[in-house]
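Below is one structure, written out as structure tokens, with a few remarks after it.
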Amino acid sequence: MIAAPLMDFGMNFVIAAVLGLLLGSFASLAAHRLPRGETLTTGRSHCPQCGHALGMADLVPLFSYLLSRGKCRHCHAAIPARYPLIEIGAALACVLAVAVAGPGLQAALLGLLAVGLVILTAVDLEHQIIPDGVSLALAVLGLGYQALTGNSPQAWALAGAGALAGFTIAWLLRFMFLRLKGREALGFGDVKFFAVAGLWTGIMGLADFMLISGLAGILFAAVWRWRGGDAVFPFGPALAFGLYSAVLLAAAGAPQPLSLLMMR
Ligand SMILES: [Zn+2]
């Protein structure tokens, strides 16, 4: 039977996608409540327009949105498209995690990284801040990831050097922008996030992270301007995309630019 392993293989992706949708739904809630100082565990969600408490039928990720055609079932106010987009993004990230790492603890940690990054992206787009709580949670998660995948003195040294280098480079960039342009192109939240990113990628993967973030940033900035966004462009979404890509590339065993340079 060839079909059975193939079906197991497909099932893993279905499970990853469903878990991703649920995690994405949680990420929407967290991105809405964390900056407002509200708790994640208590209180039911309400429609922001009519205040109607949302029931089970409204809270099935993606499908509630599709079935109600993107409108509140009670007052018919439009539900912002970012909710299903966040859920689809998280589902895609979880499917990629399983595709790269296979089902297991490593994929689970990657999925949690994705949730943190999705929350960070949503909060930065709305409030132009990267919350310390999210960076801190991702730092702790990064230590867990290093313990699982590396956990040798050498791996810990590379991770530590990555965090230090990430922080230093971002701090210098921030200083340069402030000096040259007289404005805060890189907030201090971004600087702290660079340290967290370095911890995840290690110093060898830091170049991947910065390269992909930089390219994504140029692309996002163009879309931001085209859509009539104001002068302050949030860099968080590009950083989130860059970090997840760099970590997935490393997990897939892709050669890293810095290690290639050093081998010569
Ligand atoms: Zn409503």
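Labels for the structure tokens follow display order: chains A, B, ..., residues from 1 in each chain, ligands from 1.
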
- Task: Taking only C-alpha atoms and all ligand atoms into account, report as a PyMOL selection string which residues have an atom no farther than 7 Å from an atom of ligand 1.
- Result: chain A and resi 47-52+72-77

- Message: Applying 12 Å and only C-alpha atoms, which residues near A:Gly242 remain after dropping the ones on its own chain fewer than 4 positions away? List them as a ChimeraX atom specification.
- Response: /A:114,117,121,193-194,197-198,200-201,205-217,235-238,246-249

Mind writing the picked residues with N, CA and C atoms as a CSV table (one decimal), in the first residue's frame?
```csv
chain,number,residue,atom,x,y,z
A,114,ALA,N,5.6,31.4,15.1
A,114,ALA,CA,4.8,32.0,14.1
A,114,ALA,C,3.6,32.8,14.8
A,117,LEU,N,5.0,36.0,16.1
A,117,LEU,CA,5.3,36.9,15.0
A,117,LEU,C,4.0,37.5,14.4
A,121,THR,N,3.2,41.4,14.3
A,121,THR,CA,2.8,42.1,13.0
A,121,THR,C,1.5,42.9,13.2
A,193,PHE,N,14.0,43.5,19.3
A,193,PHE,CA,13.6,42.4,18.5
A,193,PHE,C,14.8,41.8,17.7
A,194,PHE,N,15.7,42.7,17.3
A,194,PHE,CA,16.9,42.2,16.6
A,194,PHE,C,17.7,41.2,17.5
A,197,ALA,N,15.9,38.0,17.5
A,197,ALA,CA,16.1,37.3,16.2
A,197,ALA,C,17.5,36.6,16.2
A,198,GLY,N,18.5,37.3,16.7
A,198,GLY,CA,19.8,36.8,16.7
A,198,GLY,C,19.9,35.5,17.6
A,200,TRP,N,17.5,33.4,18.0
A,200,TRP,CA,16.9,32.3,17.2
A,200,TRP,C,17.8,31.8,16.1
A,201,THR,N,18.4,32.7,15.4
A,201,THR,CA,19.1,32.3,14.2
A,201,THR,C,20.5,32.0,14.5
A,205,GLY,N,23.1,32.7,11.1
A,205,GLY,CA,21.8,33.0,10.4
A,205,GLY,C,21.4,34.4,10.4
A,206,LEU,N,22.1,35.3,11.1
A,206,LEU,CA,21.7,36.7,11.3
A,206,LEU,C,21.7,37.4,9.9
A,207,ALA,N,22.7,37.1,9.0
A,207,ALA,CA,22.7,37.7,7.7
A,207,ALA,C,21.5,37.4,6.9
A,208,ASP,N,21.0,36.1,7.0
A,208,ASP,CA,19.8,35.7,6.3
A,208,ASP,C,18.6,36.6,6.8
A,209,PHE,N,18.5,36.7,8.1
A,209,PHE,CA,17.4,37.4,8.7
A,209,PHE,C,17.4,38.9,8.3
A,210,MET,N,18.6,39.5,8.3
A,210,MET,CA,18.7,40.9,7.9
A,210,MET,C,18.5,41.2,6.4
A,211,LEU,N,19.0,40.2,5.6
A,211,LEU,CA,18.8,40.3,4.2
A,211,LEU,C,17.3,40.2,3.8
A,212,ILE,N,16.7,39.2,4.3
A,212,ILE,CA,15.3,39.0,4.0
A,212,ILE,C,14.4,40.1,4.5
A,213,SER,N,14.7,40.5,5.8
A,213,SER,CA,13.9,41.6,6.4
A,213,SER,C,14.1,42.9,5.6
A,214,GLY,N,15.3,43.1,5.1
A,214,GLY,CA,15.5,44.4,4.4
A,214,GLY,C,14.8,44.4,3.1
A,215,LEU,N,14.8,43.3,2.4
A,215,LEU,CA,14.1,43.2,1.1
A,215,LEU,C,12.6,43.3,1.3
A,216,ALA,N,12.1,42.5,2.3
A,216,ALA,CA,10.7,42.6,2.6
A,216,ALA,C,10.3,44.0,3.1
A,217,GLY,N,11.1,44.7,3.8
A,217,GLY,CA,10.9,46.0,4.2
A,217,GLY,C,10.7,47.0,3.1
A,235,PHE,N,8.2,48.6,10.8
A,235,PHE,CA,9.1,47.7,10.3
A,235,PHE,C,8.9,46.3,10.8
A,236,GLY,N,8.0,46.2,11.8
A,236,GLY,CA,7.8,44.9,12.5
A,236,GLY,C,7.4,43.8,11.5
A,237,PRO,N,6.4,44.0,10.6
A,237,PRO,CA,6.0,42.9,9.7
A,237,PRO,C,7.1,42.4,8.9
A,238,ALA,N,8.0,43.3,8.4
A,238,ALA,CA,9.2,42.8,7.6
A,238,ALA,C,10.1,42.0,8.5
A,246,ALA,N,14.2,33.0,7.9
A,246,ALA,CA,15.6,32.6,8.3
A,246,ALA,C,15.6,31.3,9.1
A,247,VAL,N,14.7,31.3,10.1
A,247,VAL,CA,14.6,30.1,11.0
A,247,VAL,C,14.2,28.8,10.2
A,248,LEU,N,13.2,29.0,9.3
A,248,LEU,CA,12.8,27.9,8.4
A,248,LEU,C,13.9,27.4,7.5
A,249,LEU,N,14.7,28.4,6.9
A,249,LEU,CA,15.8,28.0,6.0
A,249,LEU,C,16.8,27.2,6.8
```

Who sits within 9 Å of stretch 165-180 of chain A, only C-alpha atoms, same chain under 5 positions skipped, as a PDB file with N, CA and C atoms, in the first residue's frame:
```pdb
ATOM      1  N   GLY A 160      24.257  33.106  21.562  1.00  0.00           N
ATOM      2  CA  GLY A 160      24.569  34.285  22.369  1.00  0.00           C
ATOM      3  C   GLY A 160      25.201  35.384  21.528  1.00  0.00           C
ATOM      4  N   ALA A 185      13.754  56.021  12.554  1.00  0.00           N
ATOM      5  CA  ALA A 185      13.345  55.042  11.547  1.00  0.00           C
ATOM      6  C   ALA A 185      13.240  53.657  12.180  1.00  0.00           C
ATOM      7  N   LEU A 186      14.085  53.424  13.197  1.00  0.00           N
ATOM      8  CA  LEU A 186      14.098  52.132  13.884  1.00  0.00           C
ATOM      9  C   LEU A 186      13.817  52.398  15.364  1.00  0.00           C
ATOM     10  N   GLY A 187      12.655  51.972  15.831  1.00  0.00           N
ATOM     11  CA  GLY A 187      12.308  52.192  17.230  1.00  0.00           C
ATOM     12  C   GLY A 187      13.129  51.295  18.141  1.00  0.00           C
ATOM     13  N   PHE A 188      13.083  51.581  19.461  1.00  0.00           N
ATOM     14  CA  PHE A 188      13.866  50.753  20.374  1.00  0.00           C
ATOM     15  C   PHE A 188      13.263  49.348  20.485  1.00  0.00           C
ATOM     16  N   ASP A 190      12.213  47.699  17.957  1.00  0.00           N
ATOM     17  CA  ASP A 190      12.847  46.994  16.837  1.00  0.00           C
ATOM     18  C   ASP A 190      14.231  46.503  17.245  1.00  0.00           C
ATOM     19  N   VAL A 191      14.979  47.371  17.962  1.00  0.00           N
ATOM     20  CA  VAL A 191      16.346  47.027  18.386  1.00  0.00           C
ATOM     21  C   VAL A 191      16.317  45.775  19.268  1.00  0.00           C
ATOM     22  N   LYS A 192      15.380  45.767  20.235  1.00  0.00           N
ATOM     23  CA  LYS A 192      15.274  44.600  21.119  1.00  0.00           C
ATOM     24  C   LYS A 192      14.885  43.351  20.321  1.00  0.00           C
ATOM     25  N   PHE A 193      14.023  43.549  19.322  1.00  0.00           N
ATOM     26  CA  PHE A 193      13.612  42.399  18.522  1.00  0.00           C
ATOM     27  C   PHE A 193      14.788  41.811  17.737  1.00  0.00           C
ATOM     28  N   PHE A 194      15.713  42.667  17.274  1.00  0.00           N
ATOM     29  CA  PHE A 194      16.914  42.175  16.577  1.00  0.00           C
ATOM     30  C   PHE A 194      17.702  41.217  17.474  1.00  0.00           C
ATOM     31  N   ALA A 195      17.770  41.531  18.788  1.00  0.00           N
ATOM     32  CA  ALA A 195      18.482  40.654  19.724  1.00  0.00           C
ATOM     33  C   ALA A 195      17.789  39.299  19.809  1.00  0.00           C
ATOM     34  N   VAL A 196      16.453  39.333  19.896  1.00  0.00           N
ATOM     35  CA  VAL A 196      15.679  38.091  19.958  1.00  0.00           C
ATOM     36  C   VAL A 196      15.894  37.283  18.672  1.00  0.00           C
ATOM     37  N   ALA A 197      15.889  37.974  17.534  1.00  0.00           N
ATOM     38  CA  ALA A 197      16.088  37.304  16.245  1.00  0.00           C
ATOM     39  C   ALA A 197      17.455  36.628  16.202  1.00  0.00           C
ATOM     40  N   GLY A 198      18.487  37.340  16.706  1.00  0.00           N
ATOM     41  CA  GLY A 198      19.835  36.775  16.714  1.00  0.00           C
ATOM     42  C   GLY A 198      19.924  35.529  17.575  1.00  0.00           C
ATOM     43  N   LEU A 199      19.150  35.526  18.666  1.00  0.00           N
ATOM     44  CA  LEU A 199      19.109  34.357  19.541  1.00  0.00           C
ATOM     45  C   LEU A 199      18.529  33.145  18.797  1.00  0.00           C
ATOM     46  N   ILE A 203      24.492  33.531  15.238  1.00  0.00           N
ATOM     47  CA  ILE A 203      25.180  34.580  14.471  1.00  0.00           C
ATOM     48  C   ILE A 203      25.317  34.192  12.996  1.00  0.00           C
ATOM     49  N   LEU A 206      22.142  35.269  11.109  1.00  0.00           N
ATOM     50  CA  LEU A 206      21.733  36.670  11.266  1.00  0.00           C
ATOM     51  C   LEU A 206      21.703  37.407   9.920  1.00  0.00           C
TER      52      LEU A 206
END
```

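Nearest-residue note for A:Leu148: choosing from A:Val123, A:Ala251, A:Val100, A:Ala93, the minimum distance belongs to A:Ala251, counting only C-alpha atoms.
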
- How would you write, as a ChimeraX atom specification, the set of residues in stretch 20-173 of chain A that DSSP gives as alpha helix (DSSP H)? /A:20-33,63-67,82-101,105-127,132-149,153-173

- Query: What is the atom CA of A:Ile15 to atom CA of A:Val115 distance in Å?
  - Reply: 16.0 Å

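For the residues A:Trp156, A:Gly102, A:Arg82, A:Arg227, ranking by smallest atom-to-atom distance to A:His32 using only C-alpha atoms places A:Arg82 first.
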
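With distances taken over only C-alpha atoms, A:Leu34 is the one residue among A:Ala159, A:Val223, A:Leu34, A:Ala99 lying closest to A:His127.
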
- Item | Test item: residues at most 12 Å from A:Gly104, only C-alpha atoms, excluding those fewer than 4 positions along its chain, as a PyMOL selection string | chain A and resi 12+16+94+97-100+108-111+148
